[in-house]
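What follows is a short report on a single structure.
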Amino acid sequence: MSKSVNQVTLIGNIGKDPEIRTLENGVKVATFSLATSTGGFKKQDGTDVPEKTSWHNVVCWRGLADLAEKFVKKGDKLTVFGSISYREYEKDGVKRYATDIIAYDVVLMSKSETTSTRPPQLSEADIPEDFPPMPPSDGLPW
């Protein structure tokens with residue numbers, strides 16, 4: 001069997017505050033939109049090529065949804081690590097398609113002017129016991 005990869009890294013700005021839902025089984029899910037832009041430029045012939053913005057639907061589950069609820073706000077710059085997921089659904093008798101980014105990690109790059117809270121800093125007590133330890137450093141870079 002050949003190897004395959006479904007991985008995406010996006011850096012952009014949050015379009016609106018995350019929508020938070022708790023499912024019947026108690027699992028929390030957060031969804032929000034993330035805007036990424038390719039910079040505009042001027043061609044050699046003087047023609048302006050405008051900036052293009054793409055919008056991405058991001059889905060965070062469980063603990064990541066908790067963090068999104070507490071710390072992610074409209075306007076924040078965020079890095080999202082995840083995978084692309086395609087789904088289809090029916091609305092008003094019409095089949096529709098959606099593309100989502102299922103996040104497995106998010107990194108706050110900057111905070112909007114309206115938020116003053118900071119995400120918690122991890123300590124050694126927060127690391128699970130079964131997490132593999134770092135090998136001892138012998139000063140070699142590899």
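In the structure tokens, each chain is lettered A, B, ... as it comes, each chain's residues begin at 1, and ligands are numbered from 1 in order of appearance.
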Need the shell around Asp100 (chain A): protein/DNA/RNA residues with any atom at most 10 Å away, counting only C-alpha atoms. Skip same-chain ones fewer than 3 positions apart. Format as a list in words?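 Skipping anything fewer than 3 positions along the chain leaves Thr31, Ser33, His56, Asn57, Val58, Val59, Gly82, Ser83, Ile84, Ser85, Tyr86, Arg87 and Ala103 of chain A.
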May I have the selected residues written with all heavy atoms, as a compact mmCIF listing (two decimals), in the first residue's frame?
```txt
# COMPACT_ATOMS: atom_id res chain seq x y z
N THR A 31 -16.56 25.79 15.70
CA THR A 31 -16.36 26.07 14.28
C THR A 31 -16.14 27.56 14.10
O THR A 31 -16.75 28.38 14.79
CB THR A 31 -17.57 25.61 13.43
OG1 THR A 31 -18.75 26.26 13.90
CG2 THR A 31 -17.75 24.11 13.50
N SER A 33 -14.47 30.61 10.92
CA SER A 33 -13.92 30.84 9.59
C SER A 33 -12.55 31.51 9.72
O SER A 33 -12.31 32.31 10.62
CB SER A 33 -14.86 31.72 8.77
OG SER A 33 -15.09 32.95 9.42
N HIS A 56 -11.82 29.67 4.90
CA HIS A 56 -11.75 28.25 5.25
C HIS A 56 -12.64 28.00 6.47
O HIS A 56 -12.60 28.77 7.44
CB HIS A 56 -10.31 27.85 5.58
CG HIS A 56 -9.32 28.30 4.55
ND1 HIS A 56 -9.07 27.58 3.40
CD2 HIS A 56 -8.56 29.42 4.48
CE1 HIS A 56 -8.18 28.22 2.68
NE2 HIS A 56 -7.86 29.34 3.30
N ASN A 57 -13.40 26.92 6.43
CA ASN A 57 -14.20 26.49 7.59
C ASN A 57 -13.32 25.60 8.45
O ASN A 57 -12.84 24.57 7.97
CB ASN A 57 -15.44 25.70 7.14
CG ASN A 57 -16.35 26.53 6.29
OD1 ASN A 57 -16.59 27.70 6.56
ND2 ASN A 57 -16.88 25.92 5.24
N VAL A 58 -13.12 25.98 9.72
CA VAL A 58 -12.26 25.23 10.62
C VAL A 58 -13.13 24.60 11.71
O VAL A 58 -14.03 25.26 12.26
CB VAL A 58 -11.18 26.13 11.26
CG1 VAL A 58 -10.30 25.34 12.22
CG2 VAL A 58 -10.34 26.78 10.17
N VAL A 59 -12.87 23.32 12.01
CA VAL A 59 -13.61 22.59 13.02
C VAL A 59 -12.62 22.10 14.08
O VAL A 59 -11.62 21.46 13.74
CB VAL A 59 -14.37 21.38 12.41
CG1 VAL A 59 -15.15 20.64 13.48
CG2 VAL A 59 -15.28 21.84 11.28
N GLY A 82 -4.09 20.91 10.43
CA GLY A 82 -5.19 19.97 10.37
C GLY A 82 -5.20 19.18 9.08
O GLY A 82 -4.19 19.09 8.38
N SER A 83 -6.37 18.62 8.79
CA SER A 83 -6.54 17.85 7.57
C SER A 83 -7.81 18.33 6.86
O SER A 83 -8.72 18.87 7.49
CB SER A 83 -6.63 16.36 7.87
OG SER A 83 -7.72 16.10 8.72
N ILE A 84 -7.85 18.13 5.56
CA ILE A 84 -8.98 18.55 4.75
C ILE A 84 -10.04 17.45 4.78
O ILE A 84 -9.72 16.27 4.62
CB ILE A 84 -8.55 18.84 3.30
CG1 ILE A 84 -7.50 19.94 3.29
CG2 ILE A 84 -9.75 19.21 2.45
CD1 ILE A 84 -6.85 20.14 1.93
N SER A 85 -11.29 17.86 4.99
CA SER A 85 -12.40 16.91 5.02
C SER A 85 -13.50 17.42 4.09
O SER A 85 -13.85 18.60 4.13
CB SER A 85 -12.94 16.80 6.44
OG SER A 85 -14.08 15.98 6.48
N TYR A 86 -14.01 16.53 3.26
CA TYR A 86 -15.09 16.87 2.34
C TYR A 86 -16.36 16.18 2.81
O TYR A 86 -16.32 15.03 3.23
CB TYR A 86 -14.75 16.41 0.91
CG TYR A 86 -13.46 16.99 0.40
CD1 TYR A 86 -12.28 16.27 0.45
CD2 TYR A 86 -13.42 18.28 -0.11
CE1 TYR A 86 -11.10 16.81 -0.01
CE2 TYR A 86 -12.25 18.83 -0.58
CZ TYR A 86 -11.08 18.08 -0.53
OH TYR A 86 -9.90 18.63 -0.98
N ARG A 87 -17.47 16.88 2.75
CA ARG A 87 -18.74 16.28 3.14
C ARG A 87 -19.85 16.79 2.22
O ARG A 87 -19.69 17.81 1.56
CB ARG A 87 -19.08 16.58 4.60
CG ARG A 87 -19.21 18.04 4.92
CD ARG A 87 -19.38 18.27 6.43
NE ARG A 87 -19.19 19.67 6.75
CZ ARG A 87 -20.16 20.58 6.78
NH1 ARG A 87 -21.41 20.22 6.54
NH2 ARG A 87 -19.90 21.83 7.06
N ALA A 103 -9.10 20.59 12.57
CA ALA A 103 -7.88 21.02 13.25
C ALA A 103 -7.42 19.98 14.26
O ALA A 103 -8.22 19.39 14.98
CB ALA A 103 -8.11 22.35 13.94
```
From a DSSP pass on the backbone, collect the residues of region 49-125 of chain A flagged as strand (DSSP E or B) and hand them back as a VMD selection string. chain A and resid 49 52 to 61 77 to 91 94 to 110
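Between Thr36 (chain A) and the residues A:Thr79, A:Pro18, A:Ile102, A:Ala68, the shortest atom-to-atom distance, using only C-alpha atoms, involves A:Thr79.
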Just list as an NGL selection string whatever in region 57-105 of chain A DSSP marks as helix (DSSP H, G or I). :A and (62-71)
Keeping only N, CA, C and O atoms, write the selected residues to a file as an mmCIF file, in the first residue's frame.
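Okay, again36.cif is ready:
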```cif
data_model
loop_
_atom_site.group_PDB
_atom_site.id
_atom_site.type_symbol
_atom_site.label_atom_id
_atom_site.label_comp_id
_atom_site.auth_asym_id
_atom_site.auth_seq_id
_atom_site.Cartn_x
_atom_site.Cartn_y
_atom_site.Cartn_z
ATOM 1 N N ARG A 62 -13.399 18.692 21.068
ATOM 2 C CA ARG A 62 -13.073 18.409 22.467
ATOM 3 C C ARG A 62 -12.230 19.505 23.114
ATOM 4 O O ARG A 62 -12.644 20.640 23.191
ATOM 5 N N GLY A 63 -11.038 19.165 23.605
ATOM 6 C CA GLY A 63 -10.192 20.126 24.309
ATOM 7 C C GLY A 63 -9.788 21.312 23.448
ATOM 8 O O GLY A 63 -9.670 22.438 23.938
ATOM 9 N N LEU A 64 -9.582 21.063 22.161
ATOM 10 C CA LEU A 64 -9.239 22.156 21.247
ATOM 11 C C LEU A 64 -10.428 23.111 21.099
ATOM 12 O O LEU A 64 -10.254 24.318 20.967
ATOM 13 N N ALA A 65 -11.647 22.572 21.177
ATOM 14 C CA ALA A 65 -12.847 23.413 21.150
ATOM 15 C C ALA A 65 -12.925 24.275 22.406
ATOM 16 O O ALA A 65 -13.313 25.446 22.338
ATOM 17 N N ASP A 66 -12.527 23.708 23.554
ATOM 18 C CA ASP A 66 -12.490 24.493 24.796
ATOM 19 C C ASP A 66 -11.533 25.669 24.659
ATOM 20 O O ASP A 66 -11.845 26.789 25.059
ATOM 21 N N LEU A 67 -10.347 25.405 24.111
ATOM 22 C CA LEU A 67 -9.368 26.490 23.928
ATOM 23 C C LEU A 67 -9.887 27.541 22.956
ATOM 24 O O LEU A 67 -9.728 28.743 23.195
ATOM 25 N N ALA A 68 -10.520 27.098 21.876
ATOM 26 C CA ALA A 68 -11.073 28.058 20.911
ATOM 27 C C ALA A 68 -12.138 28.919 21.572
ATOM 28 O O ALA A 68 -12.196 30.135 21.350
ATOM 29 N N GLU A 69 -12.966 28.304 22.400
ATOM 30 C CA GLU A 69 -14.027 29.049 23.073
ATOM 31 C C GLU A 69 -13.451 30.130 23.990
ATOM 32 O O GLU A 69 -13.954 31.246 24.035
ATOM 33 N N LYS A 70 -12.383 29.810 24.698
ATOM 34 C CA LYS A 70 -11.816 30.734 25.675
ATOM 35 C C LYS A 70 -10.906 31.795 25.066
ATOM 36 O O LYS A 70 -10.876 32.928 25.538
ATOM 37 N N PHE A 71 -10.147 31.439 24.018
ATOM 38 C CA PHE A 71 -9.062 32.317 23.606
ATOM 39 C C PHE A 71 -9.121 32.826 22.174
ATOM 40 O O PHE A 71 -8.392 33.745 21.831
#
```
